[in-house]
There are 2 protein chains.
Amino acid sequence: MNATMQHLEASLQQKRELIEAALREELPGRDTYPEVLFESIHYSLFDGGKRLRPILVLAAAEAVGGKLETVLPVACALECIHTYSLIHDDLPSIDNHAYRRGKLANHRKFGPATALLTGDALQSLAFEVLTHPRHAATVNPERLLQVVYEVAQAVGPQGMVGGQVVDTISDLFQEDLKTLEYIHHHKTGALIEVSVRAGALLSDAAEEQIEQLGRYARALGLAFQIVDDILDVVGQAEELGKPVGEDEKLSKMTYPALLGLEQSRRLAQQLGQEALETLRGFGPMAETLRGLAHYVVARTH
Amino acid sequence: MNATMQHLEASLQQKRELIEAALREELPGRDTYPEVLFESIHYSLFDGGKRLRPILVLAAAEAVGGKLETVLPVACALECIHTYSLIHDDLPSIDNHAYRRGKLANHRKFGPATALLTGDALQSLAFEVLTHPRHAATVNPERLLQVVYEVAQAVGPQGMVGGQVVDTISDLFQEDLKTLEYIHHHKTGALIEVSVRAGALLSDAAEEQIEQLGRYARALGLAFQIVDDILDVVGQAEELGKPVGEDEKLSKMTYPALLGLEQSRRLAQQLGQEALETLRGFGPMAETLRGLAHYVVARTH
C-alpha cells in the first residue's frame, strides 16, 4: 500500500467513525416510535455499507476549508436517502433481491409491508435530520434551504426516482448507451453529485468551487457505476455479498454488456482522470477527494 | 343550505381552485422526467380528492391574516404527501385496495413497481415544492426551515409512517382505544395538524395562535377520522367510491367497532365542539376553519 492509499485509508476511517456516531445521534431514539420500525431502520442503516455519500459530503467540506461537524447532519441525511433507495429497490415488485451486503434484504427479514414503510420513513428522516432546529440554527438558513431543495430535486422524479423508473421499465427502451447513461446519471449520479455540492454549499464555498466539485462528482459517480457493472461480471460472490451476474440474469443493461469489458475499464479510468482534473485548482485539503477518484476506479469490491 | 354552509361552500370552492391551479404550476413539467412517472403522478394527484389538507393550510393562513399565495407551495406539498401515502397504503403488501375514489388504485393502473416509485417521487416532490427558490426567497427563511422540519417529522416514524406501521401490524396489539387513538393521531392526525401549523407559521402568526390552531387541528383530525369510520359502516358504496365495510372485512380496529355507533357519533360531535372552542379568540377571518369543524362532523361522504 503506497503513501497515498495509506492517507486515504486513514481519512476514510476517520470520516466513517464520525458518520457512524452521528447517525446514531441524529436519528430519533428507540422509544419515540414503534419498535419494529426502529429495528428495521437500524437493521438496514447499520449493515457495513461503504458510506460513500456521507464521506463525499465530509470530504467536499474539507476541500473548501469547512468544518466536518457542520455538515454531519446532511451527511447522515444522504445516507438515510441511500438506504431508503436500496430497501425499495430490493422489494419484490422492483428487483426482488433476497440478499443485500451478505445478509437478508430488509423485506426478507421484516416483510414487504414493513420494508416499504421503512424506506418511506427513511426518506422523511433525511429531511428531518437535515433541518433539525439544533443544527439549522448553526448554518446560513438560505444555504440550508438551497441544500434541502437540491437534495429533494436530486432524489425526486428528475433525479434518483426518475432513473429508477427508467431502469425498471428499461425493456421498453432501446438498449443503448444514452439510456444507460440516463439511468446511471439519475439513479446513482444525482445523489453523489448533491452529496458533494451540499458539503460545499454548507461550508460557504464560492459558486465556482461548487460548480467544479459538481463536475468532479458527475465523473466520479459514473466511474463508480461502471466499475460496479464490471465487478458484477468479474467479481467474486463472497466479495460483493450478492450473487455475481445478478444484473445480467435480470437482463439489465450494463456497461460491459454494451461496450465490452475492456472498453468499460478504459471509460472508468478516463472518468477517474476527468474527476482528478476538476480538482486541479484545489489545495492539499482536497486530497481525500483525489484519493477517492483513484479508489473508485481501482476497487475490487 | 343555511348561510354558514353557503359561506363555507364558496370559501372551499375558491380555495380548491387556487390549489388545483397551483398544483399544476408548482410540479415539474411533463418533459422534465419519464413520461410514465408523470402520468402516474398526475393520475393520483388529480382524482377529485377533497383537498382537505391544503385547504387547511390556506384557511389557517387566512385566520391569522396571512396571504393565500404565500402558503400555496406548502399547501401543494402537503397534498403531494397525502397522495403518496394513499398510493403506498393501497399497495398489495399493505391494504391491497383495488379502487380509490371510484377509479382503479394507482398500482392497478400502472403496476406495483411504478406505484411504489410514484409514492416515493411524490414525497420528494413535496420537499422540492416546499423549498423551491422562487418561493423560498419570499418568506422568512428560519420559518420555512421550521416548516420543513415539522412536515418531515409529521410524516416520518414519529408521525404518519409510525401510525401506518402500527395500523398494519395492529393484530399484534390489544384492540383498545389507546392503540386506535395512537393510529389515528399519527396516521392522519399528524399531517392535518402540521397543515394548520404550517399555514400559520409561514404567515408569521404569534406562537400562541399557532398553538391554538394546533389544538384545533388535533380535535378536527380525530373527528374527521371517527366520522370516516362511521361512514364506512353506514355509508353508501357509490358515495364513498369504495366498497362499504372494507375496513371491517380486513378486521381493522374502528371507533364504531370499539365504542358502538352512537357513542362514536357523540365523540365526533364533542371533538367538533372542542375544535370550535379553540377558535374563540380568532376573528371573522377564521370562519372557514369554523365551518370545516361543522362540516367534518356533519358530512355524509
# chains A, B, ... in the order shown; residues from 1 in each chain; ligands from 1
>>> residues_around(residues="Pro256 of chain A", least_positions_apart="4", cutoff="9 Å", atoms="only C-alpha atoms", output="PyMOL selection string")
chain A and resi 226+229-230+233+260-265
>>> closest_atom_pairs(of="chain A", to="chain B", cutoff="7 Å", atoms="only C-alpha atoms", output="CSV")
residue,atom,partner,partner_atom,distance
A:Thr32,CA,B:Gln158,CA,6.4
A:Tyr33,CA,B:Gln158,CA,5.2
A:Pro34,CA,B:Gly162,CA,6.2
A:Ser93,CA,B:Ala113,CA,5.1
A:Ile94,CA,B:Ala113,CA,5.6
A:Pro112,CA,B:Ser93,CA,6.1
A:Ala113,CA,B:Ser93,CA,5.2
A:Thr114,CA,B:Val165,CA,6.9
A:Leu117,CA,B:Val161,CA,6.5
A:Ala121,CA,B:Gly156,CA,4.9
A:Ser124,CA,B:Gly156,CA,5.0
A:Leu125,CA,B:Gly156,CA,6.0
A:Phe127,CA,B:Ala152,CA,5.8
A:Glu128,CA,B:Ala152,CA,5.0
A:Thr131,CA,B:Tyr149,CA,5.3
A:His132,CA,B:Tyr149,CA,6.1
A:Pro141,CA,B:Pro141,CA,6.0
A:Glu142,CA,B:Pro141,CA,6.3
A:Leu145,CA,B:Thr131,CA,6.2
A:Val148,CA,B:Thr131,CA,6.9
A:Tyr149,CA,B:Glu128,CA,5.2
A:Ala152,CA,B:Glu128,CA,5.0
A:Gln153,CA,B:Glu128,CA,5.8
A:Val155,CA,B:Ser124,CA,6.5
A:Gly156,CA,B:Ala121,CA,4.9
A:Pro157,CA,B:Ala121,CA,5.5
A:Gln158,CA,B:Tyr33,CA,5.2
A:Val161,CA,B:Ala121,CA,6.1
A:Gly162,CA,B:Pro34,CA,6.2
A:Val165,CA,B:Thr114,CA,6.9
>>> write_last_selection(atoms="N, CA and C atoms", output="PDB file, in the first residue's frame")
ATOM      1  N   THR A  32     -39.193   6.502  20.789  1.00  0.00           N
ATOM      2  CA  THR A  32     -40.029   7.580  20.257  1.00  0.00           C
ATOM      3  C   THR A  32     -40.938   7.132  19.117  1.00  0.00           C
ATOM      4  N   TYR A  33     -40.796   5.883  18.696  1.00  0.00           N
ATOM      5  CA  TYR A  33     -41.683   5.391  17.634  1.00  0.00           C
ATOM      6  C   TYR A  33     -41.721   3.860  17.669  1.00  0.00           C
ATOM      7  N   PRO A  34     -42.631   3.242  16.878  1.00  0.00           N
ATOM      8  CA  PRO A  34     -42.840   1.795  17.018  1.00  0.00           C
ATOM      9  C   PRO A  34     -41.552   0.967  16.904  1.00  0.00           C
ATOM     10  N   SER A  93     -41.491  -6.181  -5.930  1.00  0.00           N
ATOM     11  CA  SER A  93     -42.060  -5.558  -7.134  1.00  0.00           C
ATOM     12  C   SER A  93     -41.004  -4.851  -7.983  1.00  0.00           C
ATOM     13  N   ILE A  94     -39.820  -4.622  -7.429  1.00  0.00           N
ATOM     14  CA  ILE A  94     -38.746  -3.990  -8.227  1.00  0.00           C
ATOM     15  C   ILE A  94     -37.697  -5.057  -8.573  1.00  0.00           C
ATOM     16  N   PRO A 112     -42.575  -7.435   3.450  1.00  0.00           N
ATOM     17  CA  PRO A 112     -42.629  -6.354   2.461  1.00  0.00           C
ATOM     18  C   PRO A 112     -43.353  -5.100   2.954  1.00  0.00           C
ATOM     19  N   ALA A 113     -44.353  -5.230   3.834  1.00  0.00           N
ATOM     20  CA  ALA A 113     -45.072  -4.036   4.299  1.00  0.00           C
ATOM     21  C   ALA A 113     -44.146  -3.171   5.144  1.00  0.00           C
ATOM     22  N   THR A 114     -43.468  -3.792   6.110  1.00  0.00           N
ATOM     23  CA  THR A 114     -42.570  -3.017   6.963  1.00  0.00           C
ATOM     24  C   THR A 114     -41.390  -2.464   6.157  1.00  0.00           C
ATOM     25  N   LEU A 117     -42.556   0.630   4.356  1.00  0.00           N
ATOM     26  CA  LEU A 117     -42.734   1.758   5.279  1.00  0.00           C
ATOM     27  C   LEU A 117     -41.401   2.219   5.869  1.00  0.00           C
ATOM     28  N   ALA A 121     -40.090   5.935   5.724  1.00  0.00           N
ATOM     29  CA  ALA A 121     -39.677   6.627   6.950  1.00  0.00           C
ATOM     30  C   ALA A 121     -38.274   7.202   6.799  1.00  0.00           C
ATOM     31  N   SER A 124     -38.338  10.471   4.925  1.00  0.00           N
ATOM     32  CA  SER A 124     -38.765  11.574   5.795  1.00  0.00           C
ATOM     33  C   SER A 124     -37.662  11.953   6.776  1.00  0.00           C
ATOM     34  N   LEU A 125     -37.034  10.930   7.374  1.00  0.00           N
ATOM     35  CA  LEU A 125     -35.978  11.177   8.352  1.00  0.00           C
ATOM     36  C   LEU A 125     -34.847  12.007   7.759  1.00  0.00           C
ATOM     37  N   PHE A 127     -35.011  14.423   5.629  1.00  0.00           N
ATOM     38  CA  PHE A 127     -35.342  15.850   5.657  1.00  0.00           C
ATOM     39  C   PHE A 127     -35.489  16.367   7.091  1.00  0.00           C
ATOM     40  N   GLU A 128     -35.853  15.464   7.990  1.00  0.00           N
ATOM     41  CA  GLU A 128     -35.954  15.845   9.402  1.00  0.00           C
ATOM     42  C   GLU A 128     -34.560  16.141   9.970  1.00  0.00           C
ATOM     43  N   THR A 131     -32.947  19.400   8.694  1.00  0.00           N
ATOM     44  CA  THR A 131     -33.483  20.699   9.133  1.00  0.00           C
ATOM     45  C   THR A 131     -33.720  20.760  10.637  1.00  0.00           C
ATOM     46  N   HIS A 132     -33.165  19.815  11.382  1.00  0.00           N
ATOM     47  CA  HIS A 132     -33.398  19.821  12.829  1.00  0.00           C
ATOM     48  C   HIS A 132     -32.960  21.169  13.420  1.00  0.00           C
ATOM     49  N   PRO A 141     -29.232  30.101   6.889  1.00  0.00           N
ATOM     50  CA  PRO A 141     -30.519  29.474   6.573  1.00  0.00           C
ATOM     51  C   PRO A 141     -30.829  29.429   5.075  1.00  0.00           C
ATOM     52  N   GLU A 142     -30.407  30.457   4.335  1.00  0.00           N
ATOM     53  CA  GLU A 142     -30.653  30.426   2.882  1.00  0.00           C
ATOM     54  C   GLU A 142     -29.877  29.278   2.226  1.00  0.00           C
ATOM     55  N   LEU A 145     -31.655  26.004   3.047  1.00  0.00           N
ATOM     56  CA  LEU A 145     -32.848  25.814   2.209  1.00  0.00           C
ATOM     57  C   LEU A 145     -32.450  25.382   0.801  1.00  0.00           C
ATOM     58  N   VAL A 148     -31.661  21.699   1.010  1.00  0.00           N
ATOM     59  CA  VAL A 148     -32.886  20.888   1.071  1.00  0.00           C
ATOM     60  C   VAL A 148     -33.489  20.778  -0.326  1.00  0.00           C
ATOM     61  N   TYR A 149     -33.540  21.906  -1.024  1.00  0.00           N
ATOM     62  CA  TYR A 149     -34.116  21.914  -2.372  1.00  0.00           C
ATOM     63  C   TYR A 149     -33.314  21.022  -3.320  1.00  0.00           C
ATOM     64  N   ALA A 152     -33.868  17.329  -2.452  1.00  0.00           N
ATOM     65  CA  ALA A 152     -35.190  16.863  -2.873  1.00  0.00           C
ATOM     66  C   ALA A 152     -35.235  16.665  -4.385  1.00  0.00           C
ATOM     67  N   GLN A 153     -34.662  17.611  -5.117  1.00  0.00           N
ATOM     68  CA  GLN A 153     -34.673  17.501  -6.571  1.00  0.00           C
ATOM     69  C   GLN A 153     -33.808  16.322  -7.045  1.00  0.00           C
ATOM     70  N   VAL A 155     -33.333  13.525  -5.596  1.00  0.00           N
ATOM     71  CA  VAL A 155     -33.894  12.200  -5.320  1.00  0.00           C
ATOM     72  C   VAL A 155     -35.289  12.037  -5.908  1.00  0.00           C
ATOM     73  N   GLY A 156     -35.866  13.114  -6.450  1.00  0.00           N
ATOM     74  CA  GLY A 156     -37.235  13.065  -6.964  1.00  0.00           C
ATOM     75  C   GLY A 156     -37.322  12.564  -8.400  1.00  0.00           C
ATOM     76  N   PRO A 157     -38.438  12.894  -9.070  1.00  0.00           N
ATOM     77  CA  PRO A 157     -38.677  12.385 -10.429  1.00  0.00           C
ATOM     78  C   PRO A 157     -37.629  12.850 -11.444  1.00  0.00           C
ATOM     79  N   GLN A 158     -37.020  14.005 -11.229  1.00  0.00           N
ATOM     80  CA  GLN A 158     -35.979  14.473 -12.151  1.00  0.00           C
ATOM     81  C   GLN A 158     -34.606  13.949 -11.753  1.00  0.00           C
ATOM     82  N   VAL A 161     -35.356   8.859  -8.488  1.00  0.00           N
ATOM     83  CA  VAL A 161     -36.552   8.056  -8.786  1.00  0.00           C
ATOM     84  C   VAL A 161     -36.789   7.986 -10.287  1.00  0.00           C
ATOM     85  N   GLY A 162     -36.514   9.096 -10.994  1.00  0.00           N
ATOM     86  CA  GLY A 162     -36.643   9.069 -12.447  1.00  0.00           C
ATOM     87  C   GLY A 162     -35.734   8.012 -13.058  1.00  0.00           C
ATOM     88  N   VAL A 165     -37.122   4.534 -12.320  1.00  0.00           N
ATOM     89  CA  VAL A 165     -38.279   4.215 -13.171  1.00  0.00           C
ATOM     90  C   VAL A 165     -37.797   3.724 -14.535  1.00  0.00           C
TER      91      VAL A 165
END
>>> closest_residue(among="B:Leu231, B:Ala200, B:Met285, B:Ile87", to="Val71 of chain B", atoms="only C-alpha atoms")
B:Ala200
>>> residues_around(residues="Tyr216 of chain A", least_positions_apart="3", cutoff="7 Å", atoms="only C-alpha atoms", output="MDAnalysis selection string")
chainID A and resid 212:213 219:220 275 278
>>> write_last_selection(atoms="N, CA and C atoms", output="PDB file, in the first residue's frame")
ATOM      1  N   GLN A 212     -17.235  23.296  -9.799  1.00  0.00           N
ATOM      2  CA  GLN A 212     -16.153  22.362 -10.101  1.00  0.00           C
ATOM      3  C   GLN A 212     -16.340  21.044  -9.358  1.00  0.00           C
ATOM      4  N   LEU A 213     -16.727  21.141  -8.103  1.00  0.00           N
ATOM      5  CA  LEU A 213     -16.949  19.922  -7.325  1.00  0.00           C
ATOM      6  C   LEU A 213     -18.118  19.126  -7.897  1.00  0.00           C
ATOM      7  N   ALA A 219     -18.353  12.927 -12.830  1.00  0.00           N
ATOM      8  CA  ALA A 219     -17.385  11.982 -13.391  1.00  0.00           C
ATOM      9  C   ALA A 219     -17.179  10.804 -12.430  1.00  0.00           C
ATOM     10  N   LEU A 220     -17.010  11.117 -11.135  1.00  0.00           N
ATOM     11  CA  LEU A 220     -16.796  10.072 -10.136  1.00  0.00           C
ATOM     12  C   LEU A 220     -17.984   9.109 -10.079  1.00  0.00           C
ATOM     13  N   ALA A 275     -12.209  13.386 -13.214  1.00  0.00           N
ATOM     14  CA  ALA A 275     -12.547  13.820 -11.849  1.00  0.00           C
ATOM     15  C   ALA A 275     -11.336  14.495 -11.215  1.00  0.00           C
ATOM     16  N   THR A 278     -10.679  18.090 -12.507  1.00  0.00           N
ATOM     17  CA  THR A 278     -11.543  19.167 -11.988  1.00  0.00           C
ATOM     18  C   THR A 278     -11.052  19.676 -10.634  1.00  0.00           C
TER      19      THR A 278
END
>>> residues_around(residues="Arg16 of chain A", least_positions_apart="3", cutoff="8 Å", atoms="only C-alpha atoms", output="VMD selection string")
chain A and resid 12 to 13 19 to 20 51 55
>>> write_last_selection(atoms="C-alpha atoms", output="compact mmCIF listing (two decimals), in the first residue's frame")
# COMPACT_ATOMS: atom_id res chain seq x y z
CA LEU A 12 -11.91 7.37 5.23
CA GLN A 13 -11.66 5.60 8.58
CA ILE A 19 -20.62 9.26 10.40
CA GLU A 20 -21.47 6.12 12.40
CA ARG A 51 -20.78 5.28 3.43
CA ILE A 55 -17.90 10.57 3.09
